[in-house]
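> First, the structure itself, so that you have it in front of you.
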Amino acid sequence: MNVLLLSPGYPAEMPEFARGLAEVGATVIGVGDQPAEALPERTRRALAAYVRVRSLFDEARCVEELRAELGGRRIDRVESLWEPLMLLAARLREALGARGLGVEATVPFRDKEVMKRRLDAAGIRTPRHVAAHNAAECWEAAERIGFPLILKPIAGAGSADTWRCDDADELRAVLPRIAHVPVVSVEEFVDGEEYTFDTVTIDGEVRYYNVAWYRPRPLLARSNEWISPQVIALREPDAPALAGGVAMGLAVIAALGFDTGFTHMEWYRKADGEVVFGEIGARPPGAHQVDQMNYACDFDVFREWARAVTAGRFEARIERRYNVASVFKRAHGQGTISAIEGLEELYRRHGAAIAWNHLLPVGARRRNWKQTLVSDGFLLVRHPELATTLAIADEIGERVQLYAR
Ligand SMILES: Nc1ncnc2c1ncn2[C@@H]1O[C@H](COP(=O)(O)OP(=O)(O)OP(=O)(O)O)[C@@H](O)[C@H]1O
Ligand SMILES: [Mg+2]
């Protein structure tokens, strides 16, 4: 099996996916725009070859460079687990004759308007939505949808350029701030809790799934620096309260004709129990949520994903032993991390439940919390009981503090 893996060194989880592929016996050919020497050590060990292209974001040129570089070598799979490269992967599959989603099948995963129209046609409950190309169309959409509403790019990520507007004054204030976005999705604001439905799917059949709970909702977490956002992989995704979301997830995968690999869907549950679709990606979630799955089940889902895409099998036994919470921290102050408070106390009280300390160390430069949910790092808690998991996660939010100077 010859597998092209796009951007094998970035983001942070990619070395693990590269390792997984190598471990199941694939010949992994990395494709990236960074020099080979700059790749993480783990990635380099997993790669049989590396093709450096000028830019991963010049798709047409990238296809030509690879065609020339590979010189007729057979490519069985082209894999990308990073949102901005999904269409490049699709184009490469078509150009190189590899199996997997082509361009037409990928577009509904990239364009949130096409996505929702496709799902509407399949009878799935999406937020009422209208695509708008300019301010006048946004006003028209607001007229039709009513307040409160959400404005967001049709191909956004990380809640960038996403705004909630509760009335006409707020819409007037937001419009100039999104003038640079070519097409926005204007949506009914859905009030409720927000969850994921993540899968490893093989030939359209879901073989493993994970439901995570965002606490609080991502837009709130991204708008308030003082919040320590939590993502909680739930031990009981089959609980009755989540059944509507799981059923929706399965229906969405079928409606979009996804074949093999990771998927990451987000959905809302309103106070009255109604379940509403949020969005779906043909890739795994970020922010180390795939690692969370491993901590929840004590298996290696990076390797199982690799087995799924290369051999059409998922072999690990799925036994969900823990709830797993990641608690992301944002330091007080700017510049370089100067102190971390509350860690010793936390370990003394709950050491056995703290599975991973991935906080930035003292001396490291702060990250931009608006650009990455990972922020200044996280602590990962796991416990069989959800209430205990939440209590420890909240304690981390309140009592573990990072300072920067
Ligand atoms: N219709 C809506 N009703 C309520 N909240 C919404 C709606 N659309 C988006 N949001 C909020 O904005 C956040 C970001 O929106 P969305 O997930 O569509 O975009 P994104 O930028 O791709 O997100 P990310 O990459 O962070 O997953 C959501 O997680 C949710 O909190
Ligand atoms: Mg989202």
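Going by the structure tokens order, chains are called A, B, ..., each with residues numbered from 1, while ligands are numbered from 1 in the order shown.
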Using only C-alpha atoms and all ligand atoms, find each residue of chain A with at least one atom at most 7 Å away from an atom of ligand 1; report its shortest atom-to-atom pair and that distance in Å (one decimal), sort the rows by chain and rising residue number, and return the result as a tab-separated table.


```
residue	atom	partner	partner_atom_place_in_ligand_line	distance
A:Pro127	CA	ligand 1	1 (N)	5.5
A:Leu149	CA	ligand 1	1 (N)	6.9
A:Ile150	CA	ligand 1	1 (N)	5.5
A:Ala155	CA	ligand 1	22 (O)	7.0
A:Gly156	CA	ligand 1	21 (O)	4.4
A:Ala157	CA	ligand 1	21 (O)	3.2
A:Gly158	CA	ligand 1	26 (O)	3.2
A:Ser159	CA	ligand 1	21 (O)	3.3
A:Ala160	CA	ligand 1	21 (O)	5.4
A:Thr162	CA	ligand 1	12 (O)	6.0
A:Glu187	CA	ligand 1	1 (N)	4.9
A:Glu188	CA	ligand 1	1 (N)	5.1
A:Phe189	CA	ligand 1	3 (N)	3.6
A:Val190	CA	ligand 1	3 (N)	3.7
A:Asp191	CA	ligand 1	4 (C)	5.8
A:Arg217	CA	ligand 1	31 (O)	4.7
A:Pro218	CA	ligand 1	31 (O)	4.3
A:Leu219	CA	ligand 1	31 (O)	4.0
A:Leu220	CA	ligand 1	31 (O)	6.7
A:Glu266	CA	ligand 1	17 (O)	6.7
A:Gly278	CA	ligand 1	18 (O)	6.0
A:Glu279	CA	ligand 1	18 (O)	5.7
```

> Identify, on the basis of only C-alpha atoms, every residue whose closest approach to segment 204-210 of chain A does not exceed 9 Å; exclude the query and any residue fewer than 6 positions from it along the same chain; express the result as a compact mmCIF listing (two decimals) with N, CA and C atoms, in the first residue's frame.


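So the final result, stored in out-v3.txt, reads:
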```txt
# COMPACT_ATOMS: atom_id res chain seq x y z
N THR A 196 -20.07 16.70 20.01
CA THR A 196 -19.52 16.18 18.76
C THR A 196 -20.08 14.78 18.53
N PHE A 197 -19.93 14.32 17.31
CA PHE A 197 -20.11 12.90 16.99
C PHE A 197 -18.97 12.58 16.04
N ASP A 198 -17.99 11.86 16.53
CA ASP A 198 -16.77 11.60 15.77
C ASP A 198 -16.72 10.12 15.44
N ALA A 233 -14.83 13.83 26.43
CA ALA A 233 -15.21 12.61 25.71
C ALA A 233 -16.03 11.77 26.67
N LEU A 234 -17.27 11.48 26.29
CA LEU A 234 -18.21 10.84 27.22
C LEU A 234 -18.09 9.33 27.19
N ARG A 235 -18.11 8.79 28.39
CA ARG A 235 -17.98 7.33 28.50
C ARG A 235 -19.21 6.61 27.99
N PRO A 237 -21.73 7.24 25.32
CA PRO A 237 -22.34 7.91 24.17
C PRO A 237 -23.69 7.31 23.81
N VAL A 246 -26.64 10.86 18.05
CA VAL A 246 -25.97 9.71 17.43
C VAL A 246 -26.74 9.29 16.17
N LEU A 250 -25.30 9.30 12.24
CA LEU A 250 -25.31 8.17 11.30
C LEU A 250 -26.03 8.58 10.01
N ILE A 253 -23.79 10.95 7.83
CA ILE A 253 -22.73 10.23 7.11
C ILE A 253 -23.30 9.51 5.89
N ALA A 254 -24.47 8.92 6.07
CA ALA A 254 -25.11 8.24 4.93
C ALA A 254 -25.53 9.25 3.87
N GLY A 257 -22.65 10.48 1.85
CA GLY A 257 -21.91 9.45 1.11
C GLY A 257 -20.46 9.33 1.52
N PHE A 258 -20.18 9.59 2.80
CA PHE A 258 -18.79 9.45 3.25
C PHE A 258 -18.36 8.00 3.13
N ASP A 259 -17.11 7.73 2.74
CA ASP A 259 -16.69 6.33 2.63
C ASP A 259 -15.80 5.87 3.78
N THR A 260 -14.51 6.20 3.76
CA THR A 260 -13.62 5.61 4.75
C THR A 260 -12.70 6.66 5.38
N MET A 293 -9.67 10.14 22.81
CA MET A 293 -10.32 8.86 22.52
C MET A 293 -9.44 7.72 23.02
N ARG A 313 -10.26 -2.48 7.88
CA ARG A 313 -10.60 -3.15 9.15
C ARG A 313 -10.35 -2.23 10.34
N PHE A 314 -11.13 -2.43 11.40
CA PHE A 314 -10.92 -1.77 12.69
C PHE A 314 -10.81 -2.90 13.69
N ILE A 318 -13.45 -2.06 21.44
CA ILE A 318 -13.92 -0.76 21.92
C ILE A 318 -14.55 -0.95 23.29
```

> List as a list in words the protein and nucleic acid residues near segment 286-292 of chain A, meaning an atom at most 9 Å away when only C-alpha atoms are counted, but skip any in the same chain fewer than 6 places from it.

Pro11, Ala12, Glu13, Trp82, Ala212, Val231, Ile232, Ala233, Asp300, Val301, Phe302, Val324, Ala325, Ser326, Thr372, Leu373, Val374 and Leu380 of chain A

> Would you kindly return, as a ChimeraX atom specification, each protein, DNA or RNA residue with an atom no farther than 12 Å from any atom of segment 167-184 of chain A, considering only C-alpha atoms and excluding same-chain residues fewer than 4 positions away?

/A:111-113,129-143,145-156,160-163,189

> Near Glu59 of chain A, counting only C-alpha atoms, which residues have an atom at most 10 Å away, once you skip same-chain residues fewer than 6 positions from it, shown as a PyMOL selection string?

chain A and resi 65+85+87-89+91-92

> For those residues, write N, CA and C atoms to a file as a compact mmCIF listing (two decimals), in the first residue's frame.


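Written output follows (part.txt):
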```txt
# COMPACT_ATOMS: atom_id res chain seq x y z
N GLU A 65 3.31 19.11 -9.59
CA GLU A 65 4.60 18.77 -8.98
C GLU A 65 4.62 17.31 -8.56
N LEU A 85 -6.77 21.12 3.79
CA LEU A 85 -6.21 20.34 2.69
C LEU A 85 -7.17 19.27 2.15
N LEU A 87 -9.68 19.48 0.07
CA LEU A 87 -9.93 19.55 -1.38
C LEU A 87 -8.68 19.19 -2.19
N LEU A 88 -7.52 19.57 -1.68
CA LEU A 88 -6.29 19.17 -2.36
C LEU A 88 -6.20 17.64 -2.39
N ALA A 89 -6.53 17.01 -1.28
CA ALA A 89 -6.48 15.54 -1.23
C ALA A 89 -7.43 14.96 -2.28
N ARG A 91 -8.48 16.34 -5.07
CA ARG A 91 -7.93 16.57 -6.43
C ARG A 91 -6.81 15.58 -6.73
N LEU A 92 -5.98 15.34 -5.73
CA LEU A 92 -4.87 14.41 -5.94
C LEU A 92 -5.39 13.00 -6.18
```

> What's around Tyr10 of chain A at 9 Å? Count only C-alpha atoms, leave out sequence neighbours fewer than 3 positions away in its own chain, and write the answer as an NGL selection string.

:A and (7 or 13-15 or 39-40 or 82)

> Neighbouring residues of Gly397 of chain A were defined as those with any atom within 10 Å, considering only C-alpha atoms; residues of the same chain fewer than 5 positions away were excluded. Please report them as a PyMOL selection string.

chain A and resi 226-230+327-330+379+391-392

> Hey, what does DSSP flag as alpha helix (DSSP H) within segment 284-317 of chain A? Can you give it to me as a PyMOL selection string?

chain A and resi 289-297+301-311
